[in-house]
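Q: This is model-v6.cif, which holds mmCIF, C-alpha atoms:
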data_protein
#
loop_
_atom_site.group_PDB
_atom_site.id
_atom_site.type_symbol
_atom_site.label_atom_id
_atom_site.label_comp_id
_atom_site.auth_asym_id
_atom_site.auth_seq_id
_atom_site.Cartn_x
_atom_site.Cartn_y
_atom_site.Cartn_z
ATOM 1 C CA MET A 1 102.463 -22.129 -49.222
ATOM 2 C CA SER A 2 99.180 -23.987 -48.861
ATOM 3 C CA THR A 3 95.860 -22.447 -49.828
ATOM 4 C CA LEU A 4 92.180 -22.880 -49.004
ATOM 5 C CA LEU A 5 90.791 -25.116 -51.767
ATOM 6 C CA GLU A 6 87.141 -24.693 -52.777
ATOM 7 C CA ILE A 7 85.369 -27.964 -53.633
ATOM 8 C CA PRO A 8 83.239 -27.309 -56.753
ATOM 9 C CA SER A 9 80.961 -30.365 -56.584
ATOM 10 C CA GLU A 10 79.996 -33.350 -54.488
ATOM 11 C CA ASP A 11 81.480 -35.648 -57.138
ATOM 12 C CA SER A 12 84.914 -34.084 -56.681
ATOM 13 C CA PHE A 13 84.895 -34.221 -52.880
ATOM 14 C CA GLY A 14 85.398 -37.963 -52.401
ATOM 15 C CA PRO A 15 88.242 -38.326 -54.933
ATOM 16 C CA HIS A 16 90.076 -35.361 -53.424
ATOM 17 C CA LEU A 17 89.939 -36.848 -49.927
ATOM 18 C CA ALA A 18 90.968 -40.244 -51.302
ATOM 19 C CA SER A 19 94.030 -38.659 -52.936
ATOM 20 C CA LEU A 20 95.372 -37.579 -49.546
ATOM 21 C CA PRO A 21 97.408 -39.990 -47.400
ATOM 22 C CA PRO A 22 96.074 -41.036 -43.967
ATOM 23 C CA SER A 23 98.721 -38.888 -42.268
ATOM 24 C CA THR A 24 97.342 -35.642 -43.745
ATOM 25 C CA LEU A 25 95.287 -33.395 -41.473
ATOM 26 C CA ILE A 26 92.181 -32.319 -43.383
ATOM 27 C CA VAL A 27 90.587 -29.027 -42.347
ATOM 28 C CA LEU A 28 87.030 -28.847 -43.727
ATOM 29 C CA TYR A 29 85.461 -25.390 -43.706
ATOM 30 C CA PHE A 30 81.685 -25.206 -44.297
ATOM 31 C CA HIS A 31 80.266 -21.820 -45.279
ATOM 32 C CA ALA A 32 77.219 -20.131 -46.810
ATOM 33 C CA PRO A 33 77.097 -16.866 -48.782
ATOM 34 C CA TRP A 34 74.338 -15.373 -46.612
ATOM 35 C CA ALA A 35 76.200 -15.849 -43.306
ATOM 36 C CA ALA A 36 78.371 -12.810 -42.563
ATOM 37 C CA PRO A 37 80.638 -14.580 -40.011
ATOM 38 C CA CYS A 38 81.842 -16.859 -42.816
ATOM 39 C CA ALA A 39 83.813 -13.995 -44.389
ATOM 40 C CA GLN A 40 85.870 -13.650 -41.221
ATOM 41 C CA MET A 41 86.459 -17.384 -40.901
ATOM 42 C CA ARG A 42 87.576 -17.583 -44.545
ATOM 43 C CA ALA A 43 90.180 -14.898 -43.858
ATOM 44 C CA VAL A 44 91.334 -16.778 -40.766
ATOM 45 C CA LEU A 45 91.703 -20.092 -42.590
ATOM 46 C CA SER A 46 93.366 -18.533 -45.639
ATOM 47 C CA ALA A 47 95.939 -16.877 -43.388
ATOM 48 C CA LEU A 48 96.419 -20.085 -41.443
ATOM 49 C CA ALA A 49 96.845 -22.152 -44.623
ATOM 50 C CA SER A 50 99.541 -19.770 -45.860
ATOM 51 C CA GLN A 51 101.728 -20.741 -42.898
ATOM 52 C CA TYR A 52 102.027 -24.347 -44.095
ATOM 53 C CA PRO A 53 104.374 -25.048 -47.009
ATOM 54 C CA VAL A 54 103.295 -27.319 -49.830
ATOM 55 C CA THR A 55 104.868 -30.715 -49.156
ATOM 56 C CA SER A 56 104.657 -34.168 -50.679
ATOM 57 C CA PRO A 57 102.761 -35.782 -49.153
ATOM 58 C CA PRO A 58 100.897 -32.769 -47.738
ATOM 59 C CA THR A 59 100.980 -32.258 -43.977
ATOM 60 C CA VAL A 60 97.652 -30.444 -43.939
ATOM 61 C CA SER A 61 94.947 -29.764 -46.522
ATOM 62 C CA PHE A 62 92.509 -26.854 -46.137
ATOM 63 C CA ILE A 63 89.213 -27.488 -47.936
ATOM 64 C CA SER A 64 86.249 -25.112 -48.342
ATOM 65 C CA VAL A 65 82.703 -26.450 -48.870
ATOM 66 C CA ASN A 66 79.561 -24.440 -49.651
ATOM 67 C CA ALA A 67 77.108 -25.975 -47.169
ATOM 68 C CA GLU A 68 74.089 -24.927 -49.257
ATOM 69 C CA GLU A 69 75.338 -25.983 -52.670
ATOM 70 C CA LEU A 70 76.724 -29.327 -51.440
ATOM 71 C CA PRO A 71 74.099 -30.476 -48.884
ATOM 72 C CA ASP A 72 75.037 -34.171 -48.954
ATOM 73 C CA ILE A 73 78.519 -33.341 -47.682
ATOM 74 C CA SER A 74 77.021 -31.073 -45.016
ATOM 75 C CA GLU A 75 74.715 -33.858 -43.861
ATOM 76 C CA GLU A 76 77.591 -36.323 -43.738
ATOM 77 C CA TYR A 77 79.381 -34.141 -41.190
ATOM 78 C CA ASP A 78 76.226 -33.028 -39.318
ATOM 79 C CA VAL A 79 76.675 -29.353 -40.156
ATOM 80 C CA THR A 80 73.938 -27.477 -38.268
ATOM 81 C CA ALA A 81 75.195 -23.906 -38.670
ATOM 82 C CA VAL A 82 77.906 -21.963 -40.480
ATOM 83 C CA PRO A 83 80.771 -21.272 -40.249
ATOM 84 C CA TYR A 84 81.644 -24.833 -39.237
ATOM 85 C CA VAL A 85 85.091 -26.420 -39.213
ATOM 86 C CA VAL A 86 85.805 -30.158 -39.059
ATOM 87 C CA LEU A 87 89.299 -31.592 -38.553
ATOM 88 C CA LEU A 88 89.889 -35.082 -39.991
ATOM 89 C CA LYS A 89 92.754 -37.512 -40.115
ATOM 90 C CA ASP A 90 92.707 -41.069 -41.436
ATOM 91 C CA ASN A 91 88.898 -40.855 -41.961
ATOM 92 C CA ASN A 92 88.365 -39.998 -38.277
ATOM 93 C CA ILE A 93 86.833 -36.761 -36.996
ATOM 94 C CA LEU A 94 89.276 -35.243 -34.518
ATOM 95 C CA GLU A 95 87.316 -32.115 -33.653
ATOM 96 C CA SER A 96 84.381 -30.006 -34.854
ATOM 97 C CA ILE A 97 84.150 -26.252 -34.242
ATOM 98 C CA SER A 98 80.985 -24.228 -34.819
ATOM 99 C CA GLY A 99 81.086 -20.425 -35.015
ATOM 100 C CA SER A 100 83.697 -17.720 -35.571
ATOM 101 C CA GLU A 101 86.214 -18.806 -32.936
ATOM 102 C CA ALA A 102 89.442 -17.989 -34.767
ATOM 103 C CA THR A 103 91.700 -18.756 -31.811
ATOM 104 C CA ARG A 104 90.081 -22.122 -31.210
ATOM 105 C CA VAL A 105 90.419 -23.085 -34.883
ATOM 106 C CA ARG A 106 94.074 -22.029 -34.991
ATOM 107 C CA ASP A 107 94.881 -23.872 -31.772
ATOM 108 C CA ALA A 108 93.168 -27.042 -33.022
ATOM 109 C CA VAL A 109 95.060 -27.025 -36.341
ATOM 110 C CA GLU A 110 98.387 -26.437 -34.608
ATOM 111 C CA ARG A 111 97.626 -29.132 -32.055
ATOM 112 C CA TYR A 112 97.102 -31.767 -34.760
ATOM 113 C CA ALA A 113 99.455 -30.533 -37.503
ATOM 114 C CA GLY A 114 102.095 -28.433 -35.772
ATOM 115 C CA SER A 115 102.540 -24.666 -35.905
ATOM 116 C CA GLY A 116 103.516 -24.380 -39.556
ATOM 117 C CA SER A 117 106.210 -21.977 -40.777
ATOM 118 C CA GLY A 118 104.544 -18.670 -39.972
ATOM 119 C CA SER A 119 106.160 -16.132 -37.677
ATOM 120 C CA THR A 120 105.096 -16.004 -34.067
ATOM 121 C CA GLY A 121 104.831 -13.202 -31.585
ATOM 122 C CA ALA A 122 106.179 -12.969 -28.088
ATOM 123 C CA ASN A 123 103.247 -14.894 -26.702
ATOM 124 C CA GLY A 124 103.736 -17.708 -29.235
ATOM 125 C CA SER A 125 100.647 -16.863 -31.284
ATOM 126 C CA SER A 126 100.743 -16.309 -35.010
ATOM 127 C CA ASN A 127 100.989 -12.707 -36.130
ATOM 128 C CA THR A 128 99.245 -13.430 -39.413
ATOM 129 C CA ILE A 129 95.991 -14.822 -37.999
ATOM 130 C CA PRO A 130 93.288 -12.138 -37.825
ATOM 131 C CA PRO A 131 92.032 -11.570 -34.275
ATOM 132 C CA ALA A 132 88.710 -13.049 -33.237
ATOM 133 C CA LEU A 133 85.933 -10.611 -34.090
ATOM 134 C CA THR A 134 82.200 -10.682 -33.568
ATOM 135 C CA ALA A 135 80.317 -10.664 -36.852
ATOM 136 C CA VAL A 136 76.697 -9.649 -37.381
ATOM 137 C CA PRO A 137 74.467 -10.321 -40.423
ATOM 138 C CA ARG A 138 74.546 -6.699 -41.604
ATOM 139 C CA GLU A 139 76.397 -3.584 -40.526
ATOM 140 C CA ASP A 140 73.114 -1.775 -39.865
ATOM 141 C CA ALA A 141 71.541 -4.677 -37.981
ATOM 142 C CA PRO A 142 71.302 -4.454 -34.188
ATOM 143 C CA THR A 143 73.528 -6.799 -32.238
ATOM 144 C CA THR A 144 72.492 -9.290 -29.618
ATOM 145 C CA ALA A 145 73.630 -9.143 -26.030
ATOM 146 C CA THR A 146 76.487 -11.551 -26.861
ATOM 147 C CA GLN A 147 77.526 -9.478 -29.875
ATOM 148 C CA ALA A 148 78.029 -6.115 -28.173
ATOM 149 C CA PRO A 149 80.559 -4.071 -30.193
ATOM 150 C CA VAL A 150 83.646 -2.548 -28.607
ATOM 151 C CA SER A 151 84.425 1.113 -29.176
ATOM 152 C CA GLY A 152 87.485 2.876 -27.811
ATOM 153 C CA GLY A 153 88.370 -0.175 -25.738
ATOM 154 C CA ALA A 154 85.153 -0.069 -23.683
ATOM 155 C CA ALA A 155 82.284 -2.505 -23.978
ATOM 156 C CA ALA A 156 79.027 -1.095 -25.314
ATOM 157 C CA PRO A 157 76.052 -0.906 -22.961
ATOM 158 C CA ALA A 158 73.916 -4.019 -22.646
ATOM 159 C CA LEU A 159 71.008 -4.137 -25.048
ATOM 160 C CA THR A 160 67.456 -3.763 -23.860
ATOM 161 C CA PRO A 161 65.057 -6.724 -24.266
ATOM 162 C CA GLU A 162 63.441 -4.867 -27.166
ATOM 163 C CA GLN A 163 66.792 -4.452 -28.952
ATOM 164 C CA THR A 164 67.705 -8.088 -28.325
ATOM 165 C CA LYS A 165 64.400 -9.236 -29.802
ATOM 166 C CA GLU A 166 64.866 -6.926 -32.789
ATOM 167 C CA ALA A 167 68.280 -8.494 -33.421
ATOM 168 C CA LEU A 168 66.824 -12.000 -33.218
ATOM 169 C CA TRP A 169 63.998 -11.034 -35.586
ATOM 170 C CA ALA A 170 66.560 -9.712 -38.085
ATOM 171 C CA ARG A 171 68.436 -13.001 -37.855
ATOM 172 C CA LEU A 172 65.284 -15.076 -38.308
ATOM 173 C CA THR A 173 64.252 -12.966 -41.298
ATOM 174 C CA GLU A 174 67.512 -13.953 -42.989
ATOM 175 C CA LEU A 175 67.364 -17.587 -41.906
ATOM 176 C CA VAL A 176 63.905 -18.291 -43.340
ATOM 177 C CA LYS A 177 65.157 -16.931 -46.690
ATOM 178 C CA ALA A 178 68.495 -18.756 -46.587
ATOM 179 C CA ALA A 179 67.253 -21.157 -49.279
ATOM 180 C CA PRO A 180 64.117 -21.161 -51.477
ATOM 181 C CA VAL A 181 62.936 -24.195 -49.486
ATOM 182 C CA MET A 182 64.040 -24.007 -45.871
ATOM 183 C CA LEU A 183 63.355 -26.734 -43.282
ATOM 184 C CA PHE A 184 63.606 -26.027 -39.557
ATOM 185 C CA MET A 185 63.739 -29.432 -37.947
ATOM 186 C CA LYS A 186 64.806 -31.405 -34.897
ATOM 187 C CA GLY A 187 68.147 -32.924 -35.792
ATOM 188 C CA THR A 188 69.623 -33.130 -39.271
ATOM 189 C CA PRO A 189 68.360 -34.802 -42.458
ATOM 190 C CA SER A 190 70.818 -37.650 -41.908
ATOM 191 C CA ALA A 191 69.854 -37.993 -38.232
ATOM 192 C CA PRO A 192 66.344 -36.636 -37.513
ATOM 193 C CA GLN A 193 65.479 -36.363 -33.833
ATOM 194 C CA CYS A 194 61.716 -36.769 -34.180
ATOM 195 C CA GLY A 195 59.355 -38.784 -36.364
ATOM 196 C CA PHE A 196 57.676 -35.730 -37.899
ATOM 197 C CA SER A 197 61.019 -34.286 -39.008
ATOM 198 C CA ARG A 198 61.984 -37.673 -40.445
ATOM 199 C CA GLN A 199 58.759 -37.875 -42.450
ATOM 200 C CA LEU A 200 59.127 -34.353 -43.826
ATOM 201 C CA VAL A 201 62.719 -35.036 -44.887
ATOM 202 C CA GLY A 202 61.412 -38.168 -46.634
ATOM 203 C CA ILE A 203 58.792 -36.147 -48.522
ATOM 204 C CA LEU A 204 61.416 -33.682 -49.761
ATOM 205 C CA ARG A 205 63.817 -36.426 -50.790
ATOM 206 C CA GLU A 206 61.141 -38.405 -52.614
ATOM 207 C CA ARG A 207 60.492 -35.341 -54.745
ATOM 208 C CA SER A 208 64.197 -34.498 -55.180
ATOM 209 C CA VAL A 209 63.658 -31.084 -53.610
ATOM 210 C CA LYS A 210 66.770 -28.990 -53.084
ATOM 211 C CA TYR A 211 66.422 -27.498 -49.628
ATOM 212 C CA GLY A 212 68.291 -25.883 -46.781
ATOM 213 C CA PHE A 213 67.898 -26.966 -43.193
ATOM 214 C CA PHE A 214 68.486 -25.725 -39.669
ATOM 215 C CA ASN A 215 68.733 -27.917 -36.582
ATOM 216 C CA ILE A 216 66.651 -26.019 -34.027
ATOM 217 C CA LEU A 217 67.960 -28.269 -31.238
ATOM 218 C CA ALA A 218 71.382 -26.668 -31.726
ATOM 219 C CA ASP A 219 70.178 -23.091 -31.119
ATOM 220 C CA GLU A 220 67.688 -22.352 -28.352
ATOM 221 C CA ASP A 221 67.261 -18.707 -29.439
ATOM 222 C CA VAL A 222 66.131 -19.785 -32.894
ATOM 223 C CA ARG A 223 64.016 -22.612 -31.491
ATOM 224 C CA GLN A 224 62.013 -20.356 -29.170
ATOM 225 C CA GLY A 225 62.105 -17.216 -31.305
ATOM 226 C CA LEU A 226 60.829 -18.911 -34.445
ATOM 227 C CA LYS A 227 57.692 -20.075 -32.643
ATOM 228 C CA GLU A 228 56.655 -16.445 -32.082
ATOM 229 C CA PHE A 229 58.163 -15.142 -35.325
ATOM 230 C CA ALA A 230 56.173 -17.685 -37.361
ATOM 231 C CA ASP A 231 53.175 -17.785 -35.015
ATOM 232 C CA TRP A 232 53.574 -21.552 -35.261
ATOM 233 C CA PRO A 233 54.339 -23.386 -31.996
ATOM 234 C CA THR A 234 55.710 -26.719 -33.234
ATOM 235 C CA PHE A 235 58.485 -28.209 -35.356
ATOM 236 C CA PRO A 236 59.309 -29.116 -38.035
ATOM 237 C CA GLN A 237 58.477 -25.949 -39.955
ATOM 238 C CA LEU A 238 58.798 -25.679 -43.729
ATOM 239 C CA TRP A 239 59.309 -22.272 -45.367
ATOM 240 C CA VAL A 240 59.124 -21.631 -49.106
ATOM 241 C CA ASN A 241 60.450 -18.392 -50.584
ATOM 242 C CA GLY A 242 60.514 -16.825 -47.138
ATOM 243 C CA GLU A 243 56.885 -17.706 -46.364
ATOM 244 C CA LEU A 244 55.754 -20.286 -43.823
ATOM 245 C CA VAL A 245 53.987 -23.308 -45.287
ATOM 246 C CA GLY A 246 53.557 -25.122 -41.980
ATOM 247 C CA GLY A 247 54.319 -28.451 -40.392
ATOM 248 C CA LEU A 248 54.080 -32.018 -41.651
ATOM 249 C CA ASP A 249 50.269 -32.136 -41.757
ATOM 250 C CA ILE A 250 50.010 -28.867 -43.707
ATOM 251 C CA VAL A 251 52.658 -29.991 -46.205
ATOM 252 C CA LYS A 252 50.721 -33.233 -46.750
ATOM 253 C CA GLU A 253 47.526 -31.233 -47.330
ATOM 254 C CA GLU A 254 49.304 -28.981 -49.821
ATOM 255 C CA LEU A 255 50.486 -32.025 -51.767
ATOM 256 C CA GLU A 256 47.014 -33.572 -51.739
ATOM 257 C CA ASN A 257 45.583 -30.364 -53.205
ATOM 258 C CA ASP A 258 48.507 -29.751 -55.525
ATOM 259 C CA PRO A 259 50.739 -32.759 -56.296
ATOM 260 C CA ASP A 260 53.077 -30.439 -58.254
ATOM 261 C CA PHE A 261 53.638 -28.123 -55.266
ATOM 262 C CA PHE A 262 57.397 -28.829 -55.121
ATOM 263 C CA ASN A 263 58.056 -29.267 -58.837
ATOM 264 C CA SER A 264 59.730 -25.905 -59.326
ATOM 265 C CA PHE A 265 62.197 -26.702 -56.521
ATOM 266 C CA SER A 266 63.145 -30.174 -57.709
ATOM 267 C CA VAL A 267 66.641 -30.821 -58.992
ATOM 268 C CA ASN A 268 64.970 -32.871 -61.707
ATOM 269 C CA LYS A 269 62.785 -30.064 -63.036
ATOM 270 C CA ALA A 270 62.820 -29.440 -66.753
ATOM 271 C CA ALA A 271 65.224 -26.738 -67.888
#
When written as structure tokens, how does the structure in this file appear?
A:
Amino acid sequence: MSTLLEIPSEDSFGPHLASLPPSTLIVLYFHAPWAAPCAQMRAVLSALASQYPVTSPPTVSFISVNAEELPDISEEYDVTAVPYVVLLKDNNILESISGSEATRVRDAVERYAGSGSGSTGANGSSNTIPPALTAVPREDAPTTATQAPVSGGAAAPALTPEQTKEALWARLTELVKAAPVMLFMKGTPSAPQCGFSRQLVGILRERSVKYGFFNILADEDVRQGLKEFADWPTFPQLWVNGELVGGLDIVKEELENDPDFFNSFSVNKAA
């Protein structure tokens, strides 16, 4: 049976894809260790992969990519959030799926590669695919209105505005610490959607800074919430070690005062 293959480095990604024939469906799964929903999606994809026998040439190849550790690959496929699944065939993107939608991922794979060899239930769905569940960052963290848990078959009461805000604040607290250098920008590093974001990406690249990013245009809750959370009304925003540095002008000032400001975060720093 097929398995979910973890790509260890950016150098190994291209050769692996090149080794697959154009007829192979490639299922790319982007994840990050800090994102709780990724654990569920990994289980879904591992179960789904097990339904496809190993063939020569392979019918489908399931590939796992750490979006933080391999940022160039993430940028290439415009990954704005995790989990994120991209389906490819013959170097063409067939479909991209963001979030923990297990049923949608399964249906997309079966649509492009067939249903595999797994057993099916009376309704035609696979018995081995875990059901779609709503994941939250931590078990003790409050859920948002769209993440209301189910207990005893009944939906939980709607959250109050205060509880919803508390849940968003918990999420933002984790996001700003997702990487030592975290950039909240309009667009992605490969396709910035404003000049200020483009300039800040250029500054980080010139100094070989390893950084995480979040496309605030893809999530209105984060876009609006971060303004209040950071007490900073504009984007881009750069955070270092969980603390707000500021926007483009503040970053430029920091570098004028301390040209070595980013040295400890550079991939070229001395060991």
Q: Give as an MDAnalysis selection string the residues that the PyMOL selection byres ((chain A and resi 219) around 12) matches when applied to the coordinates above.
A: chainID A and resid 80:81 98:99 168 172 184:187 214:218 220:226
Q: Applying 12 Å and all atoms listed in the file, which residues near Tyr112 (chain A) remain after dropping the ones on its own chain fewer than 4 positions away? List them as number ranges by chain.
A: A: 23-27, 59-60, 87-89, 93-95, 105-108, 116
Q: In Å, with one decimal, what is the gap from CA of Tyr29 (chain A) to CA of Pro83 (chain A)?
A: 7.1 Å
Q: To one decimal place in Å, what is the distance between CA of Glu243 (chain A) and CA of Glu228 (chain A)?
A: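 Answer for the CA of Glu243 (chain A) to CA of Glu228 (chain A) separation: 14.3 Å.
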Q: Please expand the PyMOL selection byres ((chain A and resi 54) around 6) into the concrete residues it hits in this file, giving the result as a PDB file with C-alpha atoms, in the coordinates of the input.
A:
ATOM      1  CA  MET A   1     102.463 -22.129 -49.222  1.00  0.00           C
ATOM      2  CA  SER A   2      99.180 -23.987 -48.861  1.00  0.00           C
ATOM      3  CA  PRO A  53     104.374 -25.048 -47.009  1.00  0.00           C
ATOM      4  CA  THR A  55     104.868 -30.715 -49.156  1.00  0.00           C
TER       5      THR A  55
END
Q: Please compute the CA of Phe30 (chain A)-CA of Val79 (chain A) distance, one decimal, in Å.
A: 7.7 Å
